[in-house]
Each structure stands twice: as structure tokens, then as C-alpha cells.
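Report on the following structure.
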Amino acid sequence: MDVRAAVAWGAGKPMTIETVQLEGPRHGEVLIEMKATGVCHTDYFTLSGADPEGLFPTILGHEGAGVVVDVGPGVTSLKKGDHVIPLYTPECRECDYCLNPKTNLCQAIRSTQGQGLMPDGTSRFSMDGKMLHHYMGCSTFANYSVLPEIALAKIREDAPFDKVCYIGCGVTTGVGAVINTAKVEPGSNVVVFGLGGIGLNVIQGARMVGANKIIGVDLNDDRKALGEKFGMTDFVNPKDIDGDLVEALVDLTNGGADYSFECIGNVNTMRQALECCHKGWGVSVIVGVAGAGQEIATRPFQLVTGRVWKGTAFGGARGRTDVPQIVDWYMDGKINIDDLITHTMPLDDINSAFDLMHSGESIRSVVLY
Ligand code: NAD
Ligand code: DAO
Ligand code: ZN
Ligand code: ZN
């Protein structure tokens, strides 16, 4: 079938809106009509060329929501009409990783997904006979897409697509980093570096679990008011600190953070996030994705003296199980998504979402199909 998609042709080039061809679902696959998609920093990261795994030409996007319109042979858990959220971290419930409670990194389709292909090693997308890559197994910047059944979370039908699409990445990553990865306890002091689409969700996760101080660090003063709305108790702009930022954060937390989260993707702030943690028990979680070839550093004594450095992908969430629950939290008013979706646009204007991201004007832009 013909579908409309934003095609990314190469690193640093704007996407163009094209009519492309999409093959129907094969065994274990599902065709979905996309209703909305968020535009995440990671889409830009790949488009910019900084992503070591970036492949072109491709259809980007990994934060969608839509409706099942067809299922391939062997699909048992989904049917036409079901409402779904695509999962860039699938959940097969059978592989060694899914069977191990310590991780959410299902490996069932990892190798083909990393090559921009469906599990059988081919692509469903093409344009004028030339193959286009899938992206993160999702390719939500198209009004229809084909995904493996294990990479779709079935959600309730009264949830608005234009809001819950954000649960496909940003909300789950931020809230999940707090709940699943760090397991922040009530009364903890928390420091969050970067108050964008991910960091603000870390803040609301920390508020949900009853953290004490929730300190936000950002170079953009405009993020202070929004951070406070989501539960931030203190705001620090590194530009306003005379001396050392780490020392200032240790002072603010009476000896160091119980938990810190790096939500920028900058290896220098990753170091600061670790080093502002409390001696003996502080845990720092890397959420931000750094550019190709970059490395983190600290003095090993930071770890010898009890600080822990860890990372998280998709907030440690098992998508088919946890995403419907997060949709319920939104529908029950336990989490706020509406105030984070600052801009909406048609697919034709999708490149402007990256401009809004870079100017610091938007938190999340959502494309409505
Ligand atoms: P964003 O651009 O919306 O937010 C980044 C924020 O960091 C902005 O508010 C910016 O002002 C601030 N900032 C930039 N440099 C800073 C500095 N030196 N000091 C303090 N603040 C600074 O990005 P986002 O969508 O929130 O994504 C954040 C990171 O998370 C990205 O690297 C993204 O790729 C990554 N990410 C990771 C996962 C995962 O599963 N681990 C999932 C989604 C996104
Ligand atoms: O190697 O098993 C694996 C999975 C790697 C992909 C995890 C992606 C998480 C971070 C990327 C940012 C998501 C938008
Ligand atoms: Zn699995
Ligand atoms: Zn994302």
C-alpha cells in the first residue's frame, strides 16, 4: 500500500515527506495505522549522524500510538481495532533476557532491529523499488507501519492517542528510571541533570515515589517553572554557580544525592551526576545517550567509596506489561502528560519539531496524522 512518511535520507539532511510503499504484515507481524507520534531527542540524534547505529535512508520515529488494521499469520495477542503503542524495546516473554527479572532488554529481535530490518531480515518499506530501513523497530514517522507483535503494547481504547504516544518513550523512560532502575525510596534526595522531555518525567517519577528534595539542573532558566509544576523543589542553573557545581549540589543535599539522573547525553554532566552523589550509597543513573565514540570518566575512588554508576534503557520497563499500566496512571490523573506536550503539527511540518527542540521552546512536539 502507499503511505505517507517523513524519509530521512542521510546524516544532517532534513527529512522530506514522501509517498512510500509498505508491504503487509508477514508471520507474527501487525499493520498499524499511526494516529500520533512524539518527536524525541533520539530521533534528532540519529538524524544528526551522532548515532553510531544510524542507518539511512530510513523512516525515523519511535514514540507513536495507533490502531491495528491487519494482522499476519500466527498473531494471537492482537486483533483489528486494538489500540497500541509501538515498543522499541520489545517483550517476547520467552528469551533469556525476558526470563531474567534483572533486565528489560529483550533480545528476541535485537540483531535485525539494529540493522533496520524486520525479524525475517527484510524491510516492509520501500520507495520506487529502493529499500528504506525501519528505525528502532517502530518507524512512527509514517501514517502506517508494520511491527512485530512482540513490539506492541495493547492499551485501553479511551486513552487519547495525541497524549499517550509520549508513553512510547519519554514518559516511561523518565518515570521508569526512578521506579524500575533506581528504585528511589520515599524521603530520598534526588538530583536531575537536564529538564527536557525525559528529565521532567524523572522529576514527576521522583515526586510520585515521595522523594524529599528534587533538585533540577539546567542551563535554560525557562525550565524552572515547569520543573516546579512537576515536583522540583530546587532549581540550579550551572551558569549562576560561582564555584564548583558538584560542591554546590553536595551542599544542597546535605552530603550528596541519594540518587542522580543524567538526562542530557553529555559525558561531562554524567561525571558531575556521579560525583554529586552521597559517599557510601549514592546511585547515579545515566539516561542520556552520548554521541558516537564518547567515553565517561571519573576517579575510581568515587566508586570505591560507595557510589554506584548505572544506566537505563526505556526506564527498565517491560513494554507489553508496564506500558498499559502507565496509560492507566495517566487516565487516573496520577501523571501529567498534557503540560509536557507543548506543540502539535501535521506530518508536513515535522522538521520544525527539531527547530523547536533546539531553540529550547518545546518540551515535546507531537505529530498528528
Ligand atoms: P531535551 O533536549 O528535551 O532536554 C535536554 C535538556 O538538557 C534541555 O532542557 C537542555 O537545556 C539541558 N541541557 C543541555 N546541556 C546542558 C548542560 N550542560 N547542563 C545542564 N543542562 C543542560 O532532550 P530529552 O528528549 O529530554 O532527552 C535527553 C537525553 O535522553 C537524550 O540524550 C536522549 O537521547 C536520551 N534518551 C534516552 C533514553 C533511554 O532509554 N536511555 C530514552 C529517550 C531519550
Ligand atoms: O542492546 O538490547 C539492546 C537494546 C539497545 C537499545 C536500547 C535503546 C535505549 C536508548 C536509546 C534511546 C531511546 C529513545
Ligand atoms: Zn524477550
Ligand atoms: Zn525517545
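Starting from 1 in every chain, residues are counted up; chains themselves are A, B, ... following the order of the C-alpha cells, and ligands are numbered from 1 as listed.
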Exercise for the section: With only C-alpha atoms and all ligand atoms counted, collect every polymer residue having an atom within 10 Å of ligand 4; state the result as a ChimeraX atom specification. Expected result: /A:38-45,61-63,88,136,166-173,197-198,313-314
Practice task
Give the residue list for ligand 1 at 7 Å, counting only C-alpha atoms and all ligand atoms, as a VMD selection string, sorted by chain and then by residue number.
Solution key: chain A and resid 40 to 42 45 169 to 170 173 193 to 199 217 to 220 223 238 263 to 266 269 287 to 290 312 to 315 357 to 358 360 363
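Across the structure, atom CA of Lys334 of chain A and atom CA of Glu149 of chain A are spaced 28.6 Å apart.
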Exercise for the section: Check the DSSP output for the backbone and give back, as a list in words, the residues of segment 230-307 of chain A in alpha helix (DSSP H). Expected result: Leu245, Val246, Glu247, Ala248, Leu249, Val250, Asp251, Leu252, Val267, Asn268, Thr269, Met270, Arg271, Gln272, Ala273, Leu274, Glu275, Phe301, Gln302, Leu303 and Val304 of chain A
Problem - Nearest candidate to Gly121 of chain A (options A:Cys92, A:Val7, A:Leu356, A:Arg26; using only C-alpha atoms) - result: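 Closest to Gly121 of chain A of all the choices is A:Arg26.
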Exercise for the section: With a distance cut-off of 9 Å and only C-alpha atoms, select the neighbouring residues of Met131 of chain A, excluding the residue or stretch itself and same-chain residues fewer than 3 positions from it, and output the selection as a list in words. Expected result: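 What passes the distance filter is Pro57, Thr58, Thr122, Ser123, Arg124, Phe125, Ser126, Met127 and Asp128 of chain A.
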Counting only C-alpha atoms, which residues in segment 259-327 of chain A sit no more than 7 Å from segment 99-115 of chain A? For each one, give the nearest pair of atoms and the distance in Å, sorted by chain then residue number, as a Markdown table.
| residue | atom | partner | partner_atom | distance |
| --- | --- | --- | --- | --- |
| A:Gly316 | CA | A:Asn104 | CA | 5.4 |
| A:Ala317 | CA | A:Asn104 | CA | 5.9 |
| A:Arg318 | CA | A:Asn104 | CA | 5.3 |
Store the residues picked out above in a file with C-alpha atoms, as a compact mmCIF listing (two decimals), in the first residue's frame.
# COMPACT_ATOMS: atom_id res chain seq x y z
CA GLY A 316 13.79 -0.52 32.68
CA ALA A 317 10.20 -1.06 31.56
CA ARG A 318 8.84 -4.28 30.04
Practice task
Tell me, as number ranges by chain, which residues lie within 8 Å of Gly319 of chain A, counting only C-alpha atoms; anything in the same chain fewer than 4 positions away does not count.
Solution key: A: 87, 89-91, 151-153, 323
Restrict the selected residues to C-alpha atoms and save them as a tab-separated table (two decimals), in the first residue's frame.
chain	number	residue	atom	x	y	z
A	87	LEU	CA	7.83	-0.61	21.62
A	89	THR	CA	12.28	-2.41	23.48
A	90	PRO	CA	10.08	-5.43	22.74
A	91	GLU	CA	8.92	-8.02	25.25
A	151	ALA	CA	6.81	-4.93	19.95
A	152	LEU	CA	3.28	-3.64	20.52
A	153	ALA	CA	1.63	-2.85	23.85
A	323	VAL	CA	3.01	0.50	29.26
Practice task
Give the answer as one residue: which of A:Thr37, A:Pro25, A:Pro73, A:Gly49 has the shortest atom-to-atom distance to His343 of chain A, using only C-alpha atoms?
Solution key: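 The answer is A:Thr37, which sits nearest to His343 of chain A.
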Exercise for the section: Point out the residue among A:Gly187, A:Gly210, A:Gly333, A:Pro324 with the least atom-to-atom distance to Asp258 of chain A, counting only C-alpha atoms. Expected result: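 When distances to Asp258 of chain A are compared using only C-alpha atoms, the smallest one comes from A:Gly187.
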Which polymer residues have any atom within 10 Å of an atom of Val68 of chain A, counting only C-alpha atoms, with same-chain residues fewer than 3 positions away left out, as a PDB file with N, CA and C atoms, in the first residue's frame?
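Full text of around35.pdb as output:
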ATOM      1  N   VAL A  30       2.227  -7.133  12.532  1.00  0.00           N
ATOM      2  CA  VAL A  30       0.964  -6.406  12.661  1.00  0.00           C
ATOM      3  C   VAL A  30       1.080  -5.081  11.897  1.00  0.00           C
ATOM      4  N   LEU A  31       0.035  -4.764  11.131  1.00  0.00           N
ATOM      5  CA  LEU A  31      -0.011  -3.461  10.438  1.00  0.00           C
ATOM      6  C   LEU A  31      -0.779  -2.501  11.326  1.00  0.00           C
ATOM      7  N   ILE A  32      -0.188  -1.345  11.608  1.00  0.00           N
ATOM      8  CA  ILE A  32      -0.941  -0.371  12.400  1.00  0.00           C
ATOM      9  C   ILE A  32      -1.073   0.954  11.654  1.00  0.00           C
ATOM     10  N   GLU A  33      -2.210   1.601  11.900  1.00  0.00           N
ATOM     11  CA  GLU A  33      -2.397   2.967  11.417  1.00  0.00           C
ATOM     12  C   GLU A  33      -1.954   3.885  12.544  1.00  0.00           C
ATOM     13  N   MET A  34      -0.962   4.712  12.263  1.00  0.00           N
ATOM     14  CA  MET A  34      -0.428   5.606  13.293  1.00  0.00           C
ATOM     15  C   MET A  34      -1.395   6.785  13.454  1.00  0.00           C
ATOM     16  N   VAL A  71      -3.514  -8.118  10.796  1.00  0.00           N
ATOM     17  CA  VAL A  71      -2.518  -8.950  11.488  1.00  0.00           C
ATOM     18  C   VAL A  71      -2.066 -10.062  10.550  1.00  0.00           C
ATOM     19  N   LEU A  78      -3.186  -9.836  19.415  1.00  0.00           N
ATOM     20  CA  LEU A  78      -3.766  -8.579  18.923  1.00  0.00           C
ATOM     21  C   LEU A  78      -4.732  -8.871  17.791  1.00  0.00           C
ATOM     22  N   LYS A  79      -5.724  -7.972  17.638  1.00  0.00           N
ATOM     23  CA  LYS A  79      -6.703  -8.131  16.549  1.00  0.00           C
ATOM     24  C   LYS A  79      -7.013  -6.751  15.979  1.00  0.00           C
ATOM     25  N   LYS A  80      -7.643  -6.742  14.825  1.00  0.00           N
ATOM     26  CA  LYS A  80      -8.033  -5.475  14.179  1.00  0.00           C
ATOM     27  C   LYS A  80      -8.801  -4.613  15.170  1.00  0.00           C
ATOM     28  N   GLY A  81      -8.511  -3.338  15.184  1.00  0.00           N
ATOM     29  CA  GLY A  81      -9.238  -2.408  16.049  1.00  0.00           C
ATOM     30  C   GLY A  81      -8.566  -2.171  17.395  1.00  0.00           C
ATOM     31  N   ASP A  82      -7.631  -3.035  17.781  1.00  0.00           N
ATOM     32  CA  ASP A  82      -6.954  -2.812  19.064  1.00  0.00           C
ATOM     33  C   ASP A  82      -6.128  -1.524  19.008  1.00  0.00           C
ATOM     34  N   HIS A  83      -6.075  -0.822  20.134  1.00  0.00           N
ATOM     35  CA  HIS A  83      -5.243   0.377  20.243  1.00  0.00           C
ATOM     36  C   HIS A  83      -3.885  -0.035  20.819  1.00  0.00           C
ATOM     37  N   VAL A  84      -2.834   0.480  20.216  1.00  0.00           N
ATOM     38  CA  VAL A  84      -1.486   0.001  20.586  1.00  0.00           C
ATOM     39  C   VAL A  84      -0.464   1.133  20.654  1.00  0.00           C
ATOM     40  N   TYR A 144       1.260   4.697   8.392  1.00  0.00           N
ATOM     41  CA  TYR A 144       1.063   3.267   8.651  1.00  0.00           C
ATOM     42  C   TYR A 144       2.448   2.657   8.863  1.00  0.00           C
ATOM     43  N   SER A 145       2.532   1.630   9.719  1.00  0.00           N
ATOM     44  CA  SER A 145       3.806   0.937   9.895  1.00  0.00           C
ATOM     45  C   SER A 145       3.525  -0.521  10.234  1.00  0.00           C
ATOM     46  N   VAL A 146       4.511  -1.372   9.984  1.00  0.00           N
ATOM     47  CA  VAL A 146       4.395  -2.792  10.343  1.00  0.00           C
ATOM     48  C   VAL A 146       5.389  -3.071  11.452  1.00  0.00           C
ATOM     49  N   LEU A 152       4.478  -4.487  20.406  1.00  0.00           N
ATOM     50  CA  LEU A 152       3.280  -3.638  20.515  1.00  0.00           C
ATOM     51  C   LEU A 152       2.622  -3.867  21.871  1.00  0.00           C
ATOM     52  N   LYS A 154      -0.728  -3.388  23.965  1.00  0.00           N
ATOM     53  CA  LYS A 154      -2.160  -3.124  23.787  1.00  0.00           C
ATOM     54  C   LYS A 154      -2.611  -2.197  24.916  1.00  0.00           C
TER      55      LYS A 154
END
